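Below is one structure, written out as structure tokens, with a few remarks after it.
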Amino acid sequence: MRDAVTTDAPAVEVRGLAKHYGPVRALDGVDVTIQAGEYFVLLGPSGGGKTTLLRTIGGFHRPTAGDVLLHGRDVSDLPPEKRPTGMVFQQYALFPHMTVERNVGYGLSLQKRPKAEISDRVSAMLDQVGLTGLGGRKPHELSGGQQQRVQLARALVLDRDILLLDEPLAALDAQLRKDMCLELKHLQEKVGVTFIHVTHNQEEAMTVANRIALIADGKLIEQGTARQIYEAPRRRFTASFIGENNLIDGTLSATGDGTATLDIGSDRITVPSDESASSGHDATISIRSELVAIGPAGGEGLAATFVESVYLGLTTSHRARLADGTEIVSRVVSAPTPPAEPGAPVTVSWPQDSARLHID
Amino acid sequence: MNRLARGAFWVPLIFMAVFFALPLLLTAVWSVFERTMFWMEPGFTLFSYENFFTSARLWNFLASMWHSLISVLICLVLGFPIAVFVRRRIPQVAQHRVVLLFILPFMVSEIIRIFALRPVLQRNGLVNHTLLHLGVISEPITSILYTPTGVIIGEVLSFLPFIVFSGFLAMEAVPKHVFEVCEDLGASTVRTYRDVILPLAAPGIFAGSVFIFVNGIGVALLPNILGGPGAVNAGLIATQAIVALDFPLAMAVSAIMISTLLALLYIGHRLFDLTHVLEPAKR
Amino acid sequence: MNDYANPWSYRLQWAYMLLVVATLMTPVFYVMYVSFNENGFGAAEYVFTTEWYGVVFGDKLMMNALGWTVSLAICTTLITVPFAVLSAKFYKNARNKLPVLFLLMLPLFVAPDIFGSALLVYFKNLNFAFQWLGDQLGTGMFDAWFRLGFMTALIGLVIYTIPYAFIVVLITMGRYREEQTEAARSCGASSWRAFWDIEFPQIRPGVASSCAFTVILCFNEYTRTSLLKGGFDTFTTVLVSQMLNTGMSEQSYAMSAMVSYVAIALIGGIILWTLVRSDKLGREARAKAEPVAA
């Protein structure tokens with residue numbers, strides 16, 4: 001369907017991008033490359049700089065340093081209307097004084113296309129996003145989900161190569177958000193446009209993304225597929241932000257042979273690792289909560305005190321505390337009886353190869 | 001083109017700087033010039049200030065400040081509760097329409113409203129006529145017009161709408177749920193005002209009060225029309241000096257007024273940050 | 001208001017508010033009432049007449065003054081309102097808002113006579129300076145630039161009206177969401193197009209109100225105009241000099257009433273228009289809300 005761009009250059013290439021507001025560094029030396037046709041998600045805590053990155057790609061912010069290349073072309077000096085990007089905003093971005101049709105057709109009418117062509121393309125696009133027959137409504141007569149579809153249609157009808165979505169689902173309620181996520185993904189697969197989607201919701205990110213970049217404190221922390229980031233995070237921050245991980249701090253005592261040994265209090269733990277950091281270095285291990293087991297005291301593993309069980313329906317979280325106060329969560333499919341009484345000594349353990357070492 | 005467009009944004013500011021800020025600042029320079037027969041010439045003399053501070057003008061000026069202060073207080077007491085009431089009890093959508101009600105008297109010329117007080121308060125005017133008719137009084141009241149009381153009434157009636165507006169703008173800084181919290185905690189009306197409303201609305205109240213105060217001492221027509229023979233304020237001193245072609249004196253009075261104003265605004269800004277008055281607009 | 005509040009206190013507060021508005025308007029209405037009395041103010045007998053208005057309209061001087069007032073009002077509006085829109089946009093984007101706010105709002109706080117005197121002396125000085133400059137260059141083209149007259153009165157009025165127009169535009173702009181401009185720009189609109197197509201239609205009520213306010217304020221203004229006008233007369237300067245010199249004549253009642261009509265008609269128009277408009281919008285929204293919910 002899409003034939004405008006035939007170069008091999010990536011859709012978006014960001015090099016050493018920085019944006020400072022006085023002393024505040026909203027972005028600090030970010031490099032990222034996004035291939036054409038990818039569904040790329042910028043995920044991170046709010047205030048971390050992901051929206052700034054997206055808006056700098058879109059041309060709404062001028063970078064303090066660094067370059068933005070779209071399809072190999074440096075666009076750092078171009079205003080938003082001259083960039084091959086379309087944008088979908090959080091909310092309120094529909095033109096309230098125009099009907100849905102005129103909202104969607106606005107960009108085409110700016111290009112001075114013939115009336116008939118505009119109306120054909122607008123109604124085709126409305127069909128595509130599932131708004132058939134609502135073209136005559138004003139934005140305030142639509143539900144939140146419908147409004148976001150109009151925004152999508154308005155951006156997609158222009159046949160831009162790159163679509164930027166700034167928290168497009170943040171204002172929707174949970175169920176609607178889930179449905180819209182899948183729809184967005186299918187829509188992107190159908191039209192083949194590069195989507196760059198900003199969100200702070202990891203479930204949303206994992207549903208839609210081909211690749212995810214984790215952004216916090218103005219820096220790109222880590223990027224990879226949803227599975228890589230969830231199952232094999234390399235950085236401590238990633239492990240703390242994605243999924244439900246147990247983080248245990250300790251000191252490296254030995255590395256080599258694809259393993260590392262870590263001192264945690266008086267215990268010594270071996271984890272798989274390719275790192276070659278010297279011993280004595282601070283390090284952290286992370287283990288996903290569903291891989292941790294809590295067993296009777298005296299078994300193989302770390303000694304801990306049982307705290308409580310929290311029933312969550314399908315699963316139950318058992319919480320225990322290590323001697324140094326670190327809290328450990330074990331998440332299991334709900335069983336009728338807890339593993340121990342609160343206050344009782346227990347042992348926490350995990351398969352050796354499921355622990356990941358983070359040296360930040 | 002782009003640079004031209006960006007330059008357009010500066011035009012109003014440059015205009016205001018050249019034709020507003022600059023003349024106001026220059027009053028201080030002109031106030032020390034030497035007076036000539038019809039104009040003035042560059043020089044340095046404090047004669048105009050001496051003329052102002054050592055004559056009856058000073059006492060008239062201080063008296064007009066006192067009257068102005070009374071007007072500010074009356075306006076606050078009469079007007080501010082209206083702003084609170086509108087914000088607190090009237091549904092959000094209707095609030096601006098209710099405030100529009102006060103635009104009506106505000107937008108009828110100040111001069112007309114000040115002049116109209118003469119027939120209203122006169123010996124055979126509306127008030128006396130009505131009161132006599134109702135039998136409340138047997139003799140017409142003649143001690144209002146052409147006295148300080150008349151000036152104060154004129155000031156209150158002229159500036160009351162302004163305190164409603166600035167109060168309302170200030171009240172937009174007070175979230176509506178605050179009132180519910182106060183009711184929930186069982187705070188009395190007095191305590192709600194003292195502990196919650198006044199501190200939050202302070203910038204707006206201050207801006208409104210300063211407006212009334214400086215206009216009370218600056219609008220020459222007020223004492224000219226409603227005051228008695230001795231009633232004079234800074235505005236009247238300045239215009240009388242202009243008529244008498246004593247330009248340095250007029251400039252000295254202006255300079256004094258402007259420094260008073262700037263000092264008041266500076267204090268207010270240090271205390272409350274006056275940009276908050278427009279906070280709702282910034283949102 | 002909660003459901004347990006005393007309805008009488010609510011009604012009493014409403015009554016108080018209306019009483020205040022009525023008190024503020026009483027002198028104005030009284031003037032109008034007197035202006036229709038053939039026997040004028042204080043007469044024992046009231047005979048309705050429009051004679052005094054006829055006198056005003058028949059007076060060459062008055063009509064002349066009215067003409068000047070109208071042209072001043074139009075010119076002021078043409079300058080003030082675009083200035084207000086530009087300044088409001090500037091203010092919204094300004095990093096350091098205080099100087100902008102200070103320059104634009106301070107005219108409210110400088111008393112009319114003080115500001116009028118300062119500007120008068122400023123213009124006189126400017127005029128001398130420009131004449132001197134003209135003499136040096138051997139040209140007379142600068143002579144009339146700042147001679148007291150229409151131009152100087154216009155400048156005075158623009159400065160007087162800017163704070164009001166600025167506030168009104170700023171408040172309407174405050175409800176506008178900047179995302180819409182960004183959306184328009186990502187649709188390919190230049191910042192200028194985005195302003196005209198998207199933002200301006202939404203702030204139009206504020207711009208219209210500020211036009212109305214500016215016109216009214218120009219009709220009302222006396223002090224600054226009288227100091228800066230030079231040769232000609234406006235409606236209010238004629239009115240005030242009449243009242244100061246000969247006291248309130250029947251004709252001055254009619255003139256005062258006329259100035260008030262302009263204000264009341266314009267403001268009343270705005271109030272009615274906003275009422276009708278918000279009513280209509282509300283009804284439309286309700287009518288179309290049903291299928292959305294379904």
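FYI, nothing fancy with the structure tokens labels: chains A, B, ... in order, residues from 1 per chain, ligands from 1 as they appear.
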
* Please report as number ranges by chain which residues of chain A come no farther than 10 Å from chain C, using only C-alpha atoms. => A: 55, 58-60, 79-98, 103-111, 137-138, 140-143, 146, 151, 154-158, 160, 164

Take the residues that were just selected and, keeping C-alpha atoms, output them as a PDB file, in the first residue's frame.
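To be explicit, this is the file written out as selection11.pdb:
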ATOM      1  CA  ARG A  55       7.479  16.153  20.156  1.00  0.00           C
ATOM      2  CA  GLY A  58       7.442  15.928  15.356  1.00  0.00           C
ATOM      3  CA  GLY A  59       9.049  19.364  15.238  1.00  0.00           C
ATOM      4  CA  PHE A  60       7.250  20.969  18.176  1.00  0.00           C
ATOM      5  CA  PRO A  79       8.702  23.219  11.437  1.00  0.00           C
ATOM      6  CA  PRO A  80       6.064  20.518  12.102  1.00  0.00           C
ATOM      7  CA  GLU A  81       4.031  21.224   8.966  1.00  0.00           C
ATOM      8  CA  LYS A  82       7.031  20.510   6.734  1.00  0.00           C
ATOM      9  CA  ARG A  83       7.884  17.143   8.304  1.00  0.00           C
ATOM     10  CA  PRO A  84       6.597  13.796   7.034  1.00  0.00           C
ATOM     11  CA  THR A  85       4.972  13.154  10.414  1.00  0.00           C
ATOM     12  CA  GLY A  86       1.399  13.156  11.610  1.00  0.00           C
ATOM     13  CA  MET A  87       0.468  13.422  15.245  1.00  0.00           C
ATOM     14  CA  VAL A  88      -2.269  12.090  17.507  1.00  0.00           C
ATOM     15  CA  PHE A  89      -2.615  13.924  20.802  1.00  0.00           C
ATOM     16  CA  GLN A  90      -3.859  12.940  24.197  1.00  0.00           C
ATOM     17  CA  GLN A  91      -7.186  14.764  24.111  1.00  0.00           C
ATOM     18  CA  TYR A  92      -8.798  18.098  23.308  1.00  0.00           C
ATOM     19  CA  ALA A  93      -6.916  18.254  20.051  1.00  0.00           C
ATOM     20  CA  LEU A  94      -9.932  17.940  17.791  1.00  0.00           C
ATOM     21  CA  PHE A  95     -11.163  21.222  16.369  1.00  0.00           C
ATOM     22  CA  PRO A  96     -14.371  21.703  18.364  1.00  0.00           C
ATOM     23  CA  HIS A  97     -15.955  24.107  15.883  1.00  0.00           C
ATOM     24  CA  MET A  98     -15.675  21.710  12.953  1.00  0.00           C
ATOM     25  CA  ASN A 103     -11.633  17.778  11.075  1.00  0.00           C
ATOM     26  CA  VAL A 104     -10.431  14.809   9.065  1.00  0.00           C
ATOM     27  CA  GLY A 105     -10.404  16.726   5.806  1.00  0.00           C
ATOM     28  CA  TYR A 106      -8.590  19.757   7.207  1.00  0.00           C
ATOM     29  CA  GLY A 107      -5.120  18.681   6.141  1.00  0.00           C
ATOM     30  CA  LEU A 108      -6.331  17.787   2.642  1.00  0.00           C
ATOM     31  CA  SER A 109      -8.103  21.109   2.253  1.00  0.00           C
ATOM     32  CA  LEU A 110      -4.855  22.837   3.191  1.00  0.00           C
ATOM     33  CA  GLN A 111      -3.288  20.990   0.263  1.00  0.00           C
ATOM     34  CA  ARG A 137     -21.127  15.063  14.260  1.00  0.00           C
ATOM     35  CA  LYS A 138     -19.257  17.683  16.224  1.00  0.00           C
ATOM     36  CA  HIS A 140     -18.294  17.016  21.659  1.00  0.00           C
ATOM     37  CA  GLU A 141     -21.013  14.655  20.459  1.00  0.00           C
ATOM     38  CA  LEU A 142     -18.588  11.733  20.372  1.00  0.00           C
ATOM     39  CA  SER A 143     -17.359   9.423  23.099  1.00  0.00           C
ATOM     40  CA  GLN A 146     -14.568   7.865  19.012  1.00  0.00           C
ATOM     41  CA  GLN A 151      -7.690  12.002  15.536  1.00  0.00           C
ATOM     42  CA  ARG A 154      -7.167  13.006  10.642  1.00  0.00           C
ATOM     43  CA  ALA A 155      -3.506  12.031  10.837  1.00  0.00           C
ATOM     44  CA  LEU A 156      -3.698   8.942   8.600  1.00  0.00           C
ATOM     45  CA  VAL A 157      -5.680  10.521   5.781  1.00  0.00           C
ATOM     46  CA  LEU A 158      -2.630  12.597   4.872  1.00  0.00           C
ATOM     47  CA  ARG A 160       2.300  10.544   6.097  1.00  0.00           C
ATOM     48  CA  LEU A 164       3.372  10.023  16.330  1.00  0.00           C
TER      49      LEU A 164
END

* **Expected answer as a ChimeraX atom specification: strand (DSSP E or B) residues in stretch 38-196 of chain A** => /A:39-43,65-70,73-74,85-88,162-166,194-196

* **d(atom CA of A:Gly135, atom CA of A:Gln147) in Å** => 11.6 Å

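We find atom CA of B:Thr275 and atom CA of B:Lys176 to be spaced 20.9 Å apart.
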
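Taking atom CA of C:Ser210 and atom CA of C:Ala84 as endpoints, the distance between them is 8.6 Å.
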
* To do: Write out as a ChimeraX atom specification which residues come within 10 Å of A:Ile215 when counting only C-alpha atoms, dropping same-chain ones fewer than 4 positions away.
  => /A:27,30,42-51,53,200,219-223,237-238

* Residues of chain B within 7 Å of chain C, counting only C-alpha atoms, as a PyMOL selection string -> chain B and resi 9+12+16+23-24+27+82+89+102+104-105+107-109+112-113+116-117+120+124-125+157+211+214-215+218-220+235+238-239+251+254+275+281-283

* To do: Write out as a ChimeraX atom specification the residues lying within 12 Å of stretch 184-193 of chain B, counting only C-alpha atoms and excluding same-chain residues fewer than 4 positions away.
  => /B:80-81,84-85,171,174,177-180,197-202 /C:2

* Using DSSP on the backbone coordinates, identify the residues of stretch 81-268 of chain C assigned to alpha helix (DSSP H); present them as number ranges by chain. => C: 81-93, 97-109, 112-137, 150-174, 178-186, 191-194, 200-220, 223-228, 235-246, 250-268

* For B:Ala250: contacts at 6 Å, only C-alpha atoms, fewer than 2 positions along chain excluded, given as number ranges by chain -> B: 238, 241, 247-248, 252-253

* **Near-A:Leu184 list (10 Å; only C-alpha atoms; drop same-chain fewer than 4 positions) as a PyMOL selection string** => chain A and resi 39+129+149+152+179-180+188-190+195+207-208

Output N, CA and C atoms for every residue in the selection just made, as an mmCIF file, in the first residue's frame.
data_model
loop_
_atom_site.group_PDB
_atom_site.id
_atom_site.type_symbol
_atom_site.label_atom_id
_atom_site.label_comp_id
_atom_site.auth_asym_id
_atom_site.auth_seq_id
_atom_site.Cartn_x
_atom_site.Cartn_y
_atom_site.Cartn_z
ATOM 1 N N TYR A 39 6.244 -0.694 14.717
ATOM 2 C CA TYR A 39 5.414 -0.084 15.759
ATOM 3 C C TYR A 39 6.317 0.070 16.971
ATOM 4 N N VAL A 129 -11.459 3.547 10.242
ATOM 5 C CA VAL A 129 -11.307 3.608 11.701
ATOM 6 C C VAL A 129 -12.621 3.307 12.424
ATOM 7 N N ARG A 149 -10.420 8.040 17.592
ATOM 8 C CA ARG A 149 -10.442 7.501 16.227
ATOM 9 C C ARG A 149 -10.440 8.629 15.203
ATOM 10 N N LEU A 152 -7.011 9.786 14.834
ATOM 11 C CA LEU A 152 -6.245 8.846 14.008
ATOM 12 C C LEU A 152 -6.538 9.080 12.532
ATOM 13 N N ASP A 179 -9.319 -2.610 24.239
ATOM 14 C CA ASP A 179 -9.848 -2.832 22.889
ATOM 15 C C ASP A 179 -9.126 -1.963 21.874
ATOM 16 N N MET A 180 -8.938 -0.682 22.257
ATOM 17 C CA MET A 180 -8.322 0.258 21.316
ATOM 18 C C MET A 180 -6.880 -0.134 21.017
ATOM 19 N N GLN A 188 -2.222 -0.478 12.358
ATOM 20 C CA GLN A 188 -0.848 -0.210 11.937
ATOM 21 C C GLN A 188 -0.370 -1.298 10.987
ATOM 22 N N GLU A 189 -0.737 -2.541 11.293
ATOM 23 C CA GLU A 189 -0.332 -3.637 10.406
ATOM 24 C C GLU A 189 -0.947 -3.452 9.026
ATOM 25 N N LYS A 190 -2.181 -2.967 9.008
ATOM 26 C CA LYS A 190 -2.879 -2.812 7.738
ATOM 27 C C LYS A 190 -2.300 -1.676 6.895
ATOM 28 N N PHE A 195 4.638 3.676 13.333
ATOM 29 C CA PHE A 195 3.947 4.288 14.471
ATOM 30 C C PHE A 195 4.957 4.473 15.601
ATOM 31 N N THR A 207 1.198 -4.670 24.372
ATOM 32 C CA THR A 207 0.181 -5.105 23.415
ATOM 33 C C THR A 207 0.522 -4.645 22.007
ATOM 34 N N VAL A 208 0.917 -3.382 21.873
ATOM 35 C CA VAL A 208 1.017 -2.836 20.523
ATOM 36 C C VAL A 208 2.415 -2.949 19.918
#

Distance query C:Ala129 at most 12 Å, only C-alpha atoms, self and fewer than 3 positions along chain excluded, as an mmCIF file with N, CA and C atoms, in the first residue's frame:
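That gives us out.cif:
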data_model
loop_
_atom_site.group_PDB
_atom_site.id
_atom_site.type_symbol
_atom_site.label_atom_id
_atom_site.label_comp_id
_atom_site.auth_asym_id
_atom_site.auth_seq_id
_atom_site.Cartn_x
_atom_site.Cartn_y
_atom_site.Cartn_z
ATOM 1 N N TYR C 122 4.504 65.080 27.506
ATOM 2 C CA TYR C 122 5.340 64.255 26.626
ATOM 3 C C TYR C 122 5.133 64.658 25.163
ATOM 4 N N PHE C 123 3.870 64.794 24.761
ATOM 5 C CA PHE C 123 3.587 65.150 23.371
ATOM 6 C C PHE C 123 4.078 66.555 23.052
ATOM 7 N N LYS C 124 3.903 67.464 24.000
ATOM 8 C CA LYS C 124 4.392 68.829 23.753
ATOM 9 C C LYS C 124 5.887 68.799 23.515
ATOM 10 N N ASN C 125 6.609 68.040 24.345
ATOM 11 C CA ASN C 125 8.056 67.935 24.183
ATOM 12 C C ASN C 125 8.426 67.288 22.861
ATOM 13 N N LEU C 126 7.709 66.195 22.548
ATOM 14 C CA LEU C 126 7.976 65.500 21.288
ATOM 15 C C LEU C 126 7.768 66.451 20.124
ATOM 16 N N TRP C 132 12.081 70.998 15.875
ATOM 17 C CA TRP C 132 13.498 71.353 15.838
ATOM 18 C C TRP C 132 14.222 70.503 14.791
ATOM 19 N N LEU C 133 13.899 69.217 14.809
ATOM 20 C CA LEU C 133 14.487 68.294 13.846
ATOM 21 C C LEU C 133 14.158 68.734 12.423
ATOM 22 N N GLY C 134 12.892 69.118 12.217
ATOM 23 C CA GLY C 134 12.459 69.581 10.909
ATOM 24 C C GLY C 134 13.217 70.829 10.492
ATOM 25 N N ASP C 135 13.401 71.739 11.456
ATOM 26 C CA ASP C 135 14.137 72.975 11.147
ATOM 27 C C ASP C 135 15.568 72.649 10.740
ATOM 28 N N GLN C 136 16.191 71.722 11.481
ATOM 29 C CA GLN C 136 17.562 71.358 11.158
ATOM 30 C C GLN C 136 17.668 70.770 9.753
ATOM 31 N N PHE C 142 7.806 67.026 9.721
ATOM 32 C CA PHE C 142 7.636 66.463 11.059
ATOM 33 C C PHE C 142 6.728 67.315 11.940
ATOM 34 N N ASP C 143 6.414 68.526 11.463
ATOM 35 C CA ASP C 143 5.775 69.493 12.351
ATOM 36 C C ASP C 143 4.498 68.986 13.006
ATOM 37 N N ALA C 144 3.690 68.293 12.226
ATOM 38 C CA ALA C 144 2.356 67.986 12.740
ATOM 39 C C ALA C 144 2.266 66.629 13.401
ATOM 40 N N TRP C 145 3.389 65.910 13.486
ATOM 41 C CA TRP C 145 3.287 64.531 13.970
ATOM 42 C C TRP C 145 2.664 64.421 15.345
ATOM 43 N N PHE C 146 3.196 65.229 16.276
ATOM 44 C CA PHE C 146 2.686 65.100 17.635
ATOM 45 C C PHE C 146 2.052 66.388 18.130
ATOM 46 N N ARG C 147 1.565 67.206 17.187
ATOM 47 C CA ARG C 147 0.786 68.355 17.615
ATOM 48 C C ARG C 147 -0.518 67.799 18.174
#
